[in-house]
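The next block is structure.pdb, given as PDB, C-alpha atoms.
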MODEL        1
ATOM      1  CA  MET A   1      -9.939  24.197  36.709  1.00  0.00           C
ATOM      2  CA  ILE A   2      -9.590  27.467  34.775  1.00  0.00           C
ATOM      3  CA  LEU A   3     -12.829  28.202  32.955  1.00  0.00           C
ATOM      4  CA  HIS A   4     -12.596  28.441  29.204  1.00  0.00           C
ATOM      5  CA  GLU A   5     -13.410  31.828  27.720  1.00  0.00           C
ATOM      6  CA  PRO A   6     -15.234  31.549  24.387  1.00  0.00           C
ATOM      7  CA  VAL A   7     -13.167  32.843  21.489  1.00  0.00           C
ATOM      8  CA  LEU A   8     -16.233  34.362  19.804  1.00  0.00           C
ATOM      9  CA  ARG A   9     -17.900  35.701  22.949  1.00  0.00           C
ATOM     10  CA  LEU A  10     -18.352  39.267  21.704  1.00  0.00           C
ATOM     11  CA  GLU A  11     -19.366  38.176  18.216  1.00  0.00           C
ATOM     12  CA  THR A  12     -21.957  35.784  19.606  1.00  0.00           C
ATOM     13  CA  VAL A  13     -23.542  38.508  21.730  1.00  0.00           C
ATOM     14  CA  GLU A  14     -23.543  40.893  18.784  1.00  0.00           C
ATOM     15  CA  GLN A  15     -25.207  38.392  16.462  1.00  0.00           C
ATOM     16  CA  LEU A  16     -27.845  37.165  18.926  1.00  0.00           C
ATOM     17  CA  ALA A  17     -28.652  40.656  20.272  1.00  0.00           C
ATOM     18  CA  PRO A  18     -29.935  39.187  23.569  1.00  0.00           C
ATOM     19  CA  ALA A  19     -31.049  42.385  25.337  1.00  0.00           C
ATOM     20  CA  GLY A  20     -34.692  42.065  26.332  1.00  0.00           C
ATOM     21  CA  ARG A  21     -35.234  38.675  24.694  1.00  0.00           C
ATOM     22  CA  GLU A  22     -37.516  36.437  26.756  1.00  0.00           C
ATOM     23  CA  LEU A  23     -35.937  33.021  26.061  1.00  0.00           C
ATOM     24  CA  LEU A  24     -32.669  32.030  24.421  1.00  0.00           C
ATOM     25  CA  VAL A  25     -31.475  28.439  24.045  1.00  0.00           C
ATOM     26  CA  ASP A  26     -27.797  27.487  24.346  1.00  0.00           C
ATOM     27  CA  CYS A  27     -27.727  24.006  22.819  1.00  0.00           C
ATOM     28  CA  THR A  28     -24.062  23.367  23.731  1.00  0.00           C
ATOM     29  CA  VAL A  29     -23.634  25.159  27.038  1.00  0.00           C
ATOM     30  CA  GLY A  30     -20.198  23.733  27.930  1.00  0.00           C
ATOM     31  CA  ASN A  31     -18.905  25.492  31.030  1.00  0.00           C
ATOM     32  CA  GLY A  32     -21.352  28.342  30.533  1.00  0.00           C
ATOM     33  CA  GLY A  33     -19.223  31.027  28.885  1.00  0.00           C
ATOM     34  CA  HIS A  34     -21.670  31.922  26.141  1.00  0.00           C
ATOM     35  CA  THR A  35     -24.705  31.692  28.424  1.00  0.00           C
ATOM     36  CA  GLU A  36     -22.992  33.992  30.919  1.00  0.00           C
ATOM     37  CA  ALA A  37     -22.335  36.526  28.155  1.00  0.00           C
ATOM     38  CA  LEU A  38     -25.948  36.400  26.956  1.00  0.00           C
ATOM     39  CA  LEU A  39     -27.307  36.952  30.463  1.00  0.00           C
ATOM     40  CA  GLU A  40     -24.878  39.786  31.116  1.00  0.00           C
ATOM     41  CA  ALA A  41     -26.039  41.392  27.856  1.00  0.00           C
ATOM     42  CA  GLY A  42     -29.676  41.377  28.929  1.00  0.00           C
ATOM     43  CA  ALA A  43     -31.264  38.038  28.034  1.00  0.00           C
ATOM     44  CA  LYS A  44     -34.148  37.473  30.429  1.00  0.00           C
ATOM     45  CA  ARG A  45     -33.885  33.680  30.478  1.00  0.00           C
ATOM     46  CA  VAL A  46     -31.585  31.022  29.013  1.00  0.00           C
ATOM     47  CA  LEU A  47     -32.248  27.324  28.655  1.00  0.00           C
ATOM     48  CA  GLY A  48     -28.906  25.567  28.315  1.00  0.00           C
ATOM     49  CA  PHE A  49     -28.058  21.929  27.737  1.00  0.00           C
ATOM     50  CA  ASP A  50     -25.099  19.791  26.763  1.00  0.00           C
ATOM     51  CA  ARG A  51     -24.551  16.162  25.815  1.00  0.00           C
ATOM     52  CA  ASP A  52     -21.520  16.053  28.132  1.00  0.00           C
ATOM     53  CA  ALA A  53     -22.872  15.741  31.669  1.00  0.00           C
ATOM     54  CA  GLU A  54     -19.392  16.272  33.100  1.00  0.00           C
ATOM     55  CA  VAL A  55     -19.289  19.951  32.105  1.00  0.00           C
ATOM     56  CA  LEU A  56     -22.655  20.874  33.615  1.00  0.00           C
ATOM     57  CA  PRO A  57     -21.385  21.234  37.220  1.00  0.00           C
ATOM     58  CA  LEU A  58     -18.829  23.740  35.909  1.00  0.00           C
ATOM     59  CA  ALA A  59     -21.576  25.682  34.162  1.00  0.00           C
ATOM     60  CA  ARG A  60     -23.808  25.637  37.249  1.00  0.00           C
ATOM     61  CA  ASN A  61     -20.993  26.987  39.390  1.00  0.00           C
ATOM     62  CA  ARG A  62     -20.151  29.696  36.880  1.00  0.00           C
ATOM     63  CA  LEU A  63     -23.794  30.731  36.474  1.00  0.00           C
ATOM     64  CA  GLU A  64     -24.723  30.601  40.157  1.00  0.00           C
ATOM     65  CA  VAL A  65     -25.410  34.327  40.241  1.00  0.00           C
ATOM     66  CA  TRP A  66     -27.921  33.868  37.409  1.00  0.00           C
ATOM     67  CA  LYS A  67     -29.594  30.725  38.762  1.00  0.00           C
ATOM     68  CA  GLU A  68     -33.064  32.288  38.777  1.00  0.00           C
ATOM     69  CA  ARG A  69     -32.797  32.991  35.050  1.00  0.00           C
ATOM     70  CA  VAL A  70     -31.085  29.899  33.707  1.00  0.00           C
ATOM     71  CA  GLU A  71     -31.970  26.196  33.503  1.00  0.00           C
ATOM     72  CA  LEU A  72     -29.318  23.597  32.675  1.00  0.00           C
ATOM     73  CA  LEU A  73     -29.864  19.983  31.718  1.00  0.00           C
ATOM     74  CA  HIS A  74     -28.131  16.977  30.223  1.00  0.00           C
ATOM     75  CA  ALA A  75     -29.237  16.479  26.605  1.00  0.00           C
ATOM     76  CA  ASP A  76     -27.818  16.242  23.091  1.00  0.00           C
ATOM     77  CA  PHE A  77     -28.347  19.372  20.987  1.00  0.00           C
ATOM     78  CA  ARG A  78     -30.150  17.215  18.435  1.00  0.00           C
ATOM     79  CA  LYS A  79     -32.841  16.641  21.065  1.00  0.00           C
ATOM     80  CA  VAL A  80     -33.801  20.329  21.051  1.00  0.00           C
ATOM     81  CA  GLU A  81     -37.345  19.569  19.912  1.00  0.00           C
ATOM     82  CA  GLN A  82     -37.937  17.063  22.712  1.00  0.00           C
ATOM     83  CA  VAL A  83     -36.413  19.448  25.272  1.00  0.00           C
ATOM     84  CA  LEU A  84     -38.686  22.299  24.223  1.00  0.00           C
ATOM     85  CA  ASP A  85     -41.783  20.105  23.948  1.00  0.00           C
ATOM     86  CA  GLY A  86     -41.096  18.698  27.410  1.00  0.00           C
ATOM     87  CA  ARG A  87     -41.345  22.212  28.802  1.00  0.00           C
ATOM     88  CA  GLY A  88     -44.299  23.261  26.701  1.00  0.00           C
ATOM     89  CA  ILE A  89     -42.219  25.779  24.767  1.00  0.00           C
ATOM     90  CA  LYS A  90     -43.452  26.415  21.235  1.00  0.00           C
ATOM     91  CA  LYS A  91     -41.287  29.364  20.189  1.00  0.00           C
ATOM     92  CA  ILE A  92     -37.955  30.831  21.285  1.00  0.00           C
ATOM     93  CA  ASP A  93     -36.248  34.200  20.800  1.00  0.00           C
ATOM     94  CA  GLY A  94     -32.877  32.871  19.716  1.00  0.00           C
ATOM     95  CA  ALA A  95     -30.561  29.870  19.796  1.00  0.00           C
ATOM     96  CA  LEU A  96     -26.854  29.111  19.817  1.00  0.00           C
ATOM     97  CA  ALA A  97     -24.904  25.944  19.009  1.00  0.00           C
ATOM     98  CA  ASP A  98     -21.124  25.812  19.383  1.00  0.00           C
ATOM     99  CA  LEU A  99     -20.263  22.636  17.499  1.00  0.00           C
ATOM    100  CA  GLY A 100     -17.337  20.254  17.852  1.00  0.00           C
ATOM    101  CA  CYS A 101     -15.035  19.368  20.709  1.00  0.00           C
ATOM    102  CA  SER A 102     -14.515  21.740  23.623  1.00  0.00           C
ATOM    103  CA  SER A 103     -11.205  22.788  25.154  1.00  0.00           C
ATOM    104  CA  ILE A 104     -12.391  21.228  28.418  1.00  0.00           C
ATOM    105  CA  GLN A 105     -12.759  17.833  26.758  1.00  0.00           C
ATOM    106  CA  LEU A 106      -9.369  18.180  25.077  1.00  0.00           C
ATOM    107  CA  GLY A 107      -7.710  19.270  28.299  1.00  0.00           C
ATOM    108  CA  THR A 108      -9.242  16.803  30.747  1.00  0.00           C
ATOM    109  CA  ASP A 109      -7.267  13.676  31.607  1.00  0.00           C
ATOM    110  CA  GLY A 110      -8.869  10.351  30.799  1.00  0.00           C
ATOM    111  CA  ARG A 111     -11.227  11.509  28.036  1.00  0.00           C
ATOM    112  CA  GLY A 112      -9.088  10.277  25.139  1.00  0.00           C
ATOM    113  CA  PHE A 113      -9.434  13.314  22.871  1.00  0.00           C
ATOM    114  CA  SER A 114      -5.769  14.334  22.936  1.00  0.00           C
ATOM    115  CA  PHE A 115      -2.646  12.513  21.787  1.00  0.00           C
ATOM    116  CA  ARG A 116      -0.445  14.648  24.047  1.00  0.00           C
ATOM    117  CA  ARG A 117      -0.864  12.220  26.961  1.00  0.00           C
ATOM    118  CA  ALA A 118      -1.537   8.509  27.372  1.00  0.00           C
ATOM    119  CA  ASP A 119      -5.323   8.448  27.839  1.00  0.00           C
ATOM    120  CA  PRO A 120      -7.722   5.518  27.420  1.00  0.00           C
ATOM    121  CA  LEU A 121      -9.204   5.097  23.937  1.00  0.00           C
ATOM    122  CA  ASP A 122     -12.579   6.603  24.802  1.00  0.00           C
ATOM    123  CA  MET A 123     -13.380   9.886  22.953  1.00  0.00           C
ATOM    124  CA  ARG A 124     -17.071   9.878  23.924  1.00  0.00           C
ATOM    125  CA  MET A 125     -18.509  13.315  24.609  1.00  0.00           C
ATOM    126  CA  ASP A 126     -21.205  11.615  26.671  1.00  0.00           C
ATOM    127  CA  ARG A 127     -19.577   8.906  28.758  1.00  0.00           C
ATOM    128  CA  SER A 128     -22.974   7.728  30.013  1.00  0.00           C
ATOM    129  CA  GLN A 129     -23.755   6.064  26.695  1.00  0.00           C
ATOM    130  CA  GLY A 130     -22.388   4.933  23.372  1.00  0.00           C
ATOM    131  CA  ARG A 131     -19.353   2.859  22.428  1.00  0.00           C
ATOM    132  CA  THR A 132     -15.790   3.868  23.124  1.00  0.00           C
ATOM    133  CA  LEU A 133     -13.156   4.254  20.440  1.00  0.00           C
ATOM    134  CA  ALA A 134     -11.492   1.082  21.723  1.00  0.00           C
ATOM    135  CA  GLU A 135     -14.712  -0.880  21.235  1.00  0.00           C
ATOM    136  CA  LEU A 136     -15.217   0.445  17.724  1.00  0.00           C
ATOM    137  CA  LEU A 137     -11.600  -0.195  16.719  1.00  0.00           C
ATOM    138  CA  ASP A 138     -11.809  -3.770  18.007  1.00  0.00           C
ATOM    139  CA  GLU A 139     -14.106  -4.827  15.181  1.00  0.00           C
ATOM    140  CA  VAL A 140     -13.584  -2.374  12.324  1.00  0.00           C
ATOM    141  CA  THR A 141     -12.129  -3.535   9.013  1.00  0.00           C
ATOM    142  CA  PRO A 142      -9.248  -1.693   7.312  1.00  0.00           C
ATOM    143  CA  ALA A 143     -11.540  -0.605   4.473  1.00  0.00           C
ATOM    144  CA  ALA A 144     -14.250   0.740   6.775  1.00  0.00           C
ATOM    145  CA  LEU A 145     -11.689   2.542   8.948  1.00  0.00           C
ATOM    146  CA  ALA A 146     -10.060   4.084   5.874  1.00  0.00           C
ATOM    147  CA  ASP A 147     -13.457   5.438   4.816  1.00  0.00           C
ATOM    148  CA  VAL A 148     -13.932   7.007   8.265  1.00  0.00           C
ATOM    149  CA  ILE A 149     -10.508   8.638   8.218  1.00  0.00           C
ATOM    150  CA  PHE A 150     -10.927   9.947   4.680  1.00  0.00           C
ATOM    151  CA  GLU A 151     -14.510  11.177   5.057  1.00  0.00           C
ATOM    152  CA  TYR A 152     -14.267  12.760   8.512  1.00  0.00           C
ATOM    153  CA  GLY A 153     -10.594  13.729   8.533  1.00  0.00           C
ATOM    154  CA  GLU A 154     -10.081  14.505   4.856  1.00  0.00           C
ATOM    155  CA  GLU A 155      -6.817  12.610   5.248  1.00  0.00           C
ATOM    156  CA  ARG A 156      -5.195  11.608   1.949  1.00  0.00           C
ATOM    157  CA  CYS A 157      -3.200   8.800   3.588  1.00  0.00           C
ATOM    158  CA  SER A 158      -6.326   7.195   5.037  1.00  0.00           C
ATOM    159  CA  ARG A 159      -5.783   3.692   3.636  1.00  0.00           C
ATOM    160  CA  ARG A 160      -2.172   3.534   4.759  1.00  0.00           C
ATOM    161  CA  ILE A 161      -3.147   4.753   8.246  1.00  0.00           C
ATOM    162  CA  ALA A 162      -6.093   2.377   8.541  1.00  0.00           C
ATOM    163  CA  ARG A 163      -4.004  -0.647   7.627  1.00  0.00           C
ATOM    164  CA  ALA A 164      -1.346   0.345  10.182  1.00  0.00           C
ATOM    165  CA  ILE A 165      -3.928   0.813  12.944  1.00  0.00           C
ATOM    166  CA  VAL A 166      -5.571  -2.561  12.292  1.00  0.00           C
ATOM    167  CA  ARG A 167      -2.190  -4.335  12.192  1.00  0.00           C
ATOM    168  CA  ALA A 168      -1.188  -2.742  15.491  1.00  0.00           C
ATOM    169  CA  ARG A 169      -4.587  -3.571  16.980  1.00  0.00           C
ATOM    170  CA  ASP A 170      -4.266  -7.235  15.982  1.00  0.00           C
ATOM    171  CA  ARG A 171      -0.863  -7.345  17.686  1.00  0.00           C
ATOM    172  CA  ASN A 172      -2.262  -5.670  20.834  1.00  0.00           C
ATOM    173  CA  ASN A 173       0.098  -2.749  20.343  1.00  0.00           C
ATOM    174  CA  ILE A 174      -2.439   0.042  20.948  1.00  0.00           C
ATOM    175  CA  SER A 175      -3.432   0.551  24.574  1.00  0.00           C
ATOM    176  CA  ASN A 176      -3.797   4.341  24.761  1.00  0.00           C
ATOM    177  CA  THR A 177      -3.920   7.543  22.721  1.00  0.00           C
ATOM    178  CA  VAL A 178      -0.141   7.981  22.590  1.00  0.00           C
ATOM    179  CA  ASP A 179       0.252   4.470  21.179  1.00  0.00           C
ATOM    180  CA  LEU A 180      -2.381   5.254  18.570  1.00  0.00           C
ATOM    181  CA  ALA A 181      -0.778   8.568  17.603  1.00  0.00           C
ATOM    182  CA  ASN A 182       2.615   6.885  17.219  1.00  0.00           C
ATOM    183  CA  VAL A 183       1.158   4.195  14.960  1.00  0.00           C
ATOM    184  CA  ILE A 184      -0.403   6.911  12.789  1.00  0.00           C
ATOM    185  CA  LYS A 185       2.800   8.943  12.691  1.00  0.00           C
ATOM    186  CA  ARG A 186       4.947   5.952  11.686  1.00  0.00           C
ATOM    187  CA  SER A 187       2.536   5.038   8.899  1.00  0.00           C
ATOM    188  CA  MET A 188       2.763   8.459   7.245  1.00  0.00           C
ATOM    189  CA  PRO A 189       5.317   9.225   4.514  1.00  0.00           C
ATOM    190  CA  TYR A 190       8.023  11.533   5.861  1.00  0.00           C
ATOM    191  CA  ARG A 191       7.489  15.126   4.738  1.00  0.00           C
ATOM    192  CA  GLY A 192       9.884  16.998   6.994  1.00  0.00           C
ATOM    193  CA  ARG A 193       8.528  19.445   9.549  1.00  0.00           C
ATOM    194  CA  THR A 194       4.774  19.986   9.340  1.00  0.00           C
ATOM    195  CA  ARG A 195       2.492  22.613  10.824  1.00  0.00           C
ATOM    196  CA  ILE A 196       0.297  20.067  12.618  1.00  0.00           C
ATOM    197  CA  HIS A 197       0.954  16.687  14.201  1.00  0.00           C
ATOM    198  CA  PRO A 198       0.566  13.845  11.668  1.00  0.00           C
ATOM    199  CA  ALA A 199      -2.221  12.300  13.787  1.00  0.00           C
ATOM    200  CA  THR A 200      -4.369  15.453  13.965  1.00  0.00           C
ATOM    201  CA  LYS A 201      -6.703  14.734  11.054  1.00  0.00           C
ATOM    202  CA  THR A 202      -7.116  11.081  12.006  1.00  0.00           C
ATOM    203  CA  PHE A 203      -7.940  11.955  15.614  1.00  0.00           C
ATOM    204  CA  GLN A 204     -10.569  14.420  14.372  1.00  0.00           C
ATOM    205  CA  ALA A 205     -12.051  11.708  12.163  1.00  0.00           C
ATOM    206  CA  LEU A 206     -12.144   9.132  14.966  1.00  0.00           C
ATOM    207  CA  ARG A 207     -13.772  11.627  17.356  1.00  0.00           C
ATOM    208  CA  ILE A 208     -16.480  12.477  14.838  1.00  0.00           C
ATOM    209  CA  TRP A 209     -17.020   8.754  14.213  1.00  0.00           C
ATOM    210  CA  VAL A 210     -17.327   7.875  17.902  1.00  0.00           C
ATOM    211  CA  ASN A 211     -19.748  10.721  18.632  1.00  0.00           C
ATOM    212  CA  GLN A 212     -21.650  10.666  15.329  1.00  0.00           C
ATOM    213  CA  GLU A 213     -21.162  14.424  15.322  1.00  0.00           C
ATOM    214  CA  LEU A 214     -22.426  15.084  11.816  1.00  0.00           C
ATOM    215  CA  ASP A 215     -25.424  12.746  11.985  1.00  0.00           C
ATOM    216  CA  GLY A 216     -28.611  14.740  12.235  1.00  0.00           C
ATOM    217  CA  LEU A 217     -26.910  18.141  12.162  1.00  0.00           C
ATOM    218  CA  ASP A 218     -29.053  19.237   9.218  1.00  0.00           C
ATOM    219  CA  THR A 219     -32.196  17.961  10.958  1.00  0.00           C
ATOM    220  CA  PHE A 220     -31.257  19.883  14.109  1.00  0.00           C
ATOM    221  CA  LEU A 221     -30.875  23.098  12.125  1.00  0.00           C
ATOM    222  CA  ARG A 222     -34.285  22.692  10.530  1.00  0.00           C
ATOM    223  CA  MET A 223     -35.893  21.932  13.883  1.00  0.00           C
ATOM    224  CA  VAL A 224     -34.402  24.896  15.686  1.00  0.00           C
ATOM    225  CA  VAL A 225     -35.220  27.293  12.843  1.00  0.00           C
ATOM    226  CA  SER A 226     -38.848  26.141  12.958  1.00  0.00           C
ATOM    227  CA  ARG A 227     -38.957  27.156  16.641  1.00  0.00           C
ATOM    228  CA  LEU A 228     -37.712  30.717  16.133  1.00  0.00           C
ATOM    229  CA  ARG A 229     -40.382  33.350  16.532  1.00  0.00           C
ATOM    230  CA  ALA A 230     -40.444  36.340  14.157  1.00  0.00           C
ATOM    231  CA  GLY A 231     -37.343  38.478  14.682  1.00  0.00           C
ATOM    232  CA  ALA A 232     -35.438  35.755  16.528  1.00  0.00           C
ATOM    233  CA  ARG A 233     -31.843  34.885  15.658  1.00  0.00           C
ATOM    234  CA  LEU A 234     -29.745  31.739  15.328  1.00  0.00           C
ATOM    235  CA  ALA A 235     -25.951  31.532  15.790  1.00  0.00           C
ATOM    236  CA  ILE A 236     -23.944  28.448  14.810  1.00  0.00           C
ATOM    237  CA  ILE A 237     -20.201  28.182  15.462  1.00  0.00           C
ATOM    238  CA  SER A 238     -18.433  25.557  13.357  1.00  0.00           C
ATOM    239  CA  PHE A 239     -14.748  24.672  13.339  1.00  0.00           C
ATOM    240  CA  HIS A 240     -14.030  22.543  10.286  1.00  0.00           C
ATOM    241  CA  SER A 241     -15.214  22.274   6.698  1.00  0.00           C
ATOM    242  CA  LEU A 242     -17.449  19.237   7.271  1.00  0.00           C
ATOM    243  CA  GLU A 243     -19.606  21.022   9.847  1.00  0.00           C
ATOM    244  CA  ASP A 244     -19.394  24.289   7.970  1.00  0.00           C
ATOM    245  CA  ARG A 245     -20.631  22.739   4.725  1.00  0.00           C
ATOM    246  CA  ILE A 246     -23.703  21.190   6.356  1.00  0.00           C
ATOM    247  CA  VAL A 247     -24.558  24.405   8.210  1.00  0.00           C
ATOM    248  CA  LYS A 248     -24.236  26.623   5.142  1.00  0.00           C
ATOM    249  CA  TYR A 249     -26.116  24.330   2.763  1.00  0.00           C
ATOM    250  CA  THR A 250     -28.940  23.710   5.225  1.00  0.00           C
ATOM    251  CA  LEU A 251     -29.413  27.373   6.122  1.00  0.00           C
ATOM    252  CA  ARG A 252     -29.436  28.344   2.443  1.00  0.00           C
ATOM    253  CA  GLU A 253     -32.526  26.172   2.053  1.00  0.00           C
TER     254      GLU A 253
ENDMDL
END

Translate the structure described by the file into structure tokens.
Amino acid sequence: MILHEPVLRLETVEQLAPAGRELLVDCTVGNGGHTEALLEAGAKRVLGFDRDAEVLPLARNRLEVWKERVELLHADFRKVEQVLDGRGIKKIDGALADLGCSSIQLGTDGRGFSFRRADPLDMRMDRSQGRTLAELLDEVTPAALADVIFEYGEERCSRRIARAIVRARDRNNISNTVDLANVIKRSMPYRGRTRIHPATKTFQALRIWVNQELDGLDTFLRMVVSRLRAGARLAIISFHSLEDRIVKYTLRE
């Protein structure tokens, strides 16, 4: 597998100014691209963790040359307080969280994040726990599903889409991500050629719903800020307005 190169690698290093810092925390280590950059730029030690256990072997392989200065473990970024307490760490010199779905998750067969191939309806970032998309869709009502699609996808056609999904579900017509994307596409009013696939916003909403991505994000930010020693820095990378809004409002406090 080709390792993903972080889009904001240089900007992250610039903002965190890692040279000489004793301990930085990468709360969403992924395949290790940001951690690698921080170590190369002079961080003395990095503690990295990720809720997706399947990416950690990639990170360990990538960071093999730095193995004496990095520790990787399987944990949700919202567990940062427990992770630090478990190691007797009271203060840190900086932290990074790259929110949302990774290109590895989108590009890996069988994960269910993409509608470009017929994957199982899973979408869990941590396949060791939680309920799959298929399990959640099995029991959701049209009204509740419409709320999910509107709130997390900011999709104006949420009610129309939700009704179509539930009808197709009840007829056993959705067995994979391509089936689901086609149901969504057919339910949308025709608007000619569009910049994005008609299912894009709904897939984002369903992924956030499955992984409870926004739950506790504000609490995480408060926790990690409370652990920063004087002069330490925090970098948060967000990719859509829902994350961005929570990050900005919480940090303004």

>> To test your reading of the syntax: which residues would the PyMOL selection byres ((chain A and resi 208-214) around 10) return for the file shown? Reply as number ranges by chain.
In response: A: 78, 99-101, 122-126, 130-137, 145, 148-149, 151-153, 202-207, 215-218, 242-243, 246

> Residues at most 7 Å from region 164-176 of chain A, counting all atoms listed in the file, excluding those fewer than 6 positions away in the same chain, as JSON, numbers by chain?
Replying inline: {"A": [118, 119, 120, 121, 142, 183, 187]}

> For Ile236 (chain A), which residue out of A:Ala43, A:Met223, A:Cys27, A:Ala17 is the nearest one, using all atoms listed in the file?
Replying inline: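 Of A:Ala43, A:Met223, A:Cys27, A:Ala17, the one nearest Ile236 (chain A), counting all atoms listed in the file, is A:Cys27.
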
> Got a sec: who's within 10 Å of Glu14 (chain A), counting all atoms listed in the file, leaving out chain neighbours fewer than 5 positions off, as a PyMOL selection string?
Replying inline: chain A and resi 8-9+38+41

Restrict the selected residues to C-alpha atoms and save them as a short mmCIF file (atom, residue, chain, number, x, y, z; two decimals), in the frame of the given file.
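New file selection.cif:
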data_model
loop_
_atom_site.label_atom_id
_atom_site.label_comp_id
_atom_site.auth_asym_id
_atom_site.auth_seq_id
_atom_site.Cartn_x
_atom_site.Cartn_y
_atom_site.Cartn_z
CA LEU A 8 -16.23 34.36 19.80
CA ARG A 9 -17.90 35.70 22.95
CA LEU A 38 -25.95 36.40 26.96
CA ALA A 41 -26.04 41.39 27.86
#

> How many Å lie between CA of Pro198 (chain A) and CA of Lys185 (chain A), rounded to one decimal?
Replying inline: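 For CA of Pro198 (chain A) relative to CA of Lys185 (chain A), the distance reads 5.5 Å.
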
> Any idea what the distance is between CA of Ala146 (chain A) and CA of Phe239 (chain A)?
Replying inline: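 One can read the CA of Ala146 (chain A) to CA of Phe239 (chain A) distance as 22.4 Å.
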
> Could you spell out the hits of the PyMOL selection byres ((chain A and resi 232) around 10) on the shown file, as a ChimeraX atom specification?
Replying inline: /A:16-18,21,23-24,91-95,225,227-231,233-234

> Using only C-alpha atoms, which residue out of A:Thr200, A:Arg127, A:Arg159, A:Leu84 lies closest to Thr141 (chain A)?
Replying inline: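 Once distances to Thr141 (chain A) are computed over only C-alpha atoms, the minimum belongs to A:Arg159.
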
> Hey, can you check how far CA of Thr219 (chain A) sits from CA of Leu72 (chain A)?
Replying inline: 22.6 Å

> Leu39 (chain A): which residues within 12 Å, counting only C-alpha atoms, same-chain residues fewer than 6 positions away excluded, as a ChimeraX atom specification?
Replying inline: /A:13,16-26,32-33,45-48,63-70

>> With distances taken over only C-alpha atoms, which residue among A:Ala144, A:Arg60, A:Arg87, A:Glu155 lies nearest Met188 (chain A)?
In response: A:Glu155

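Residue nearest Gly112 (chain A), chosen from A:Gln15, A:Thr194, A:Thr177, A:Thr28 and counting all atoms listed in the file: A:Thr177.
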
> Taking into account all atoms listed in the file, which residue in the set A:Arg252, A:Arg160, A:Arg195, A:His34 is nearest to Ala97 (chain A)?
Replying inline: A:His34
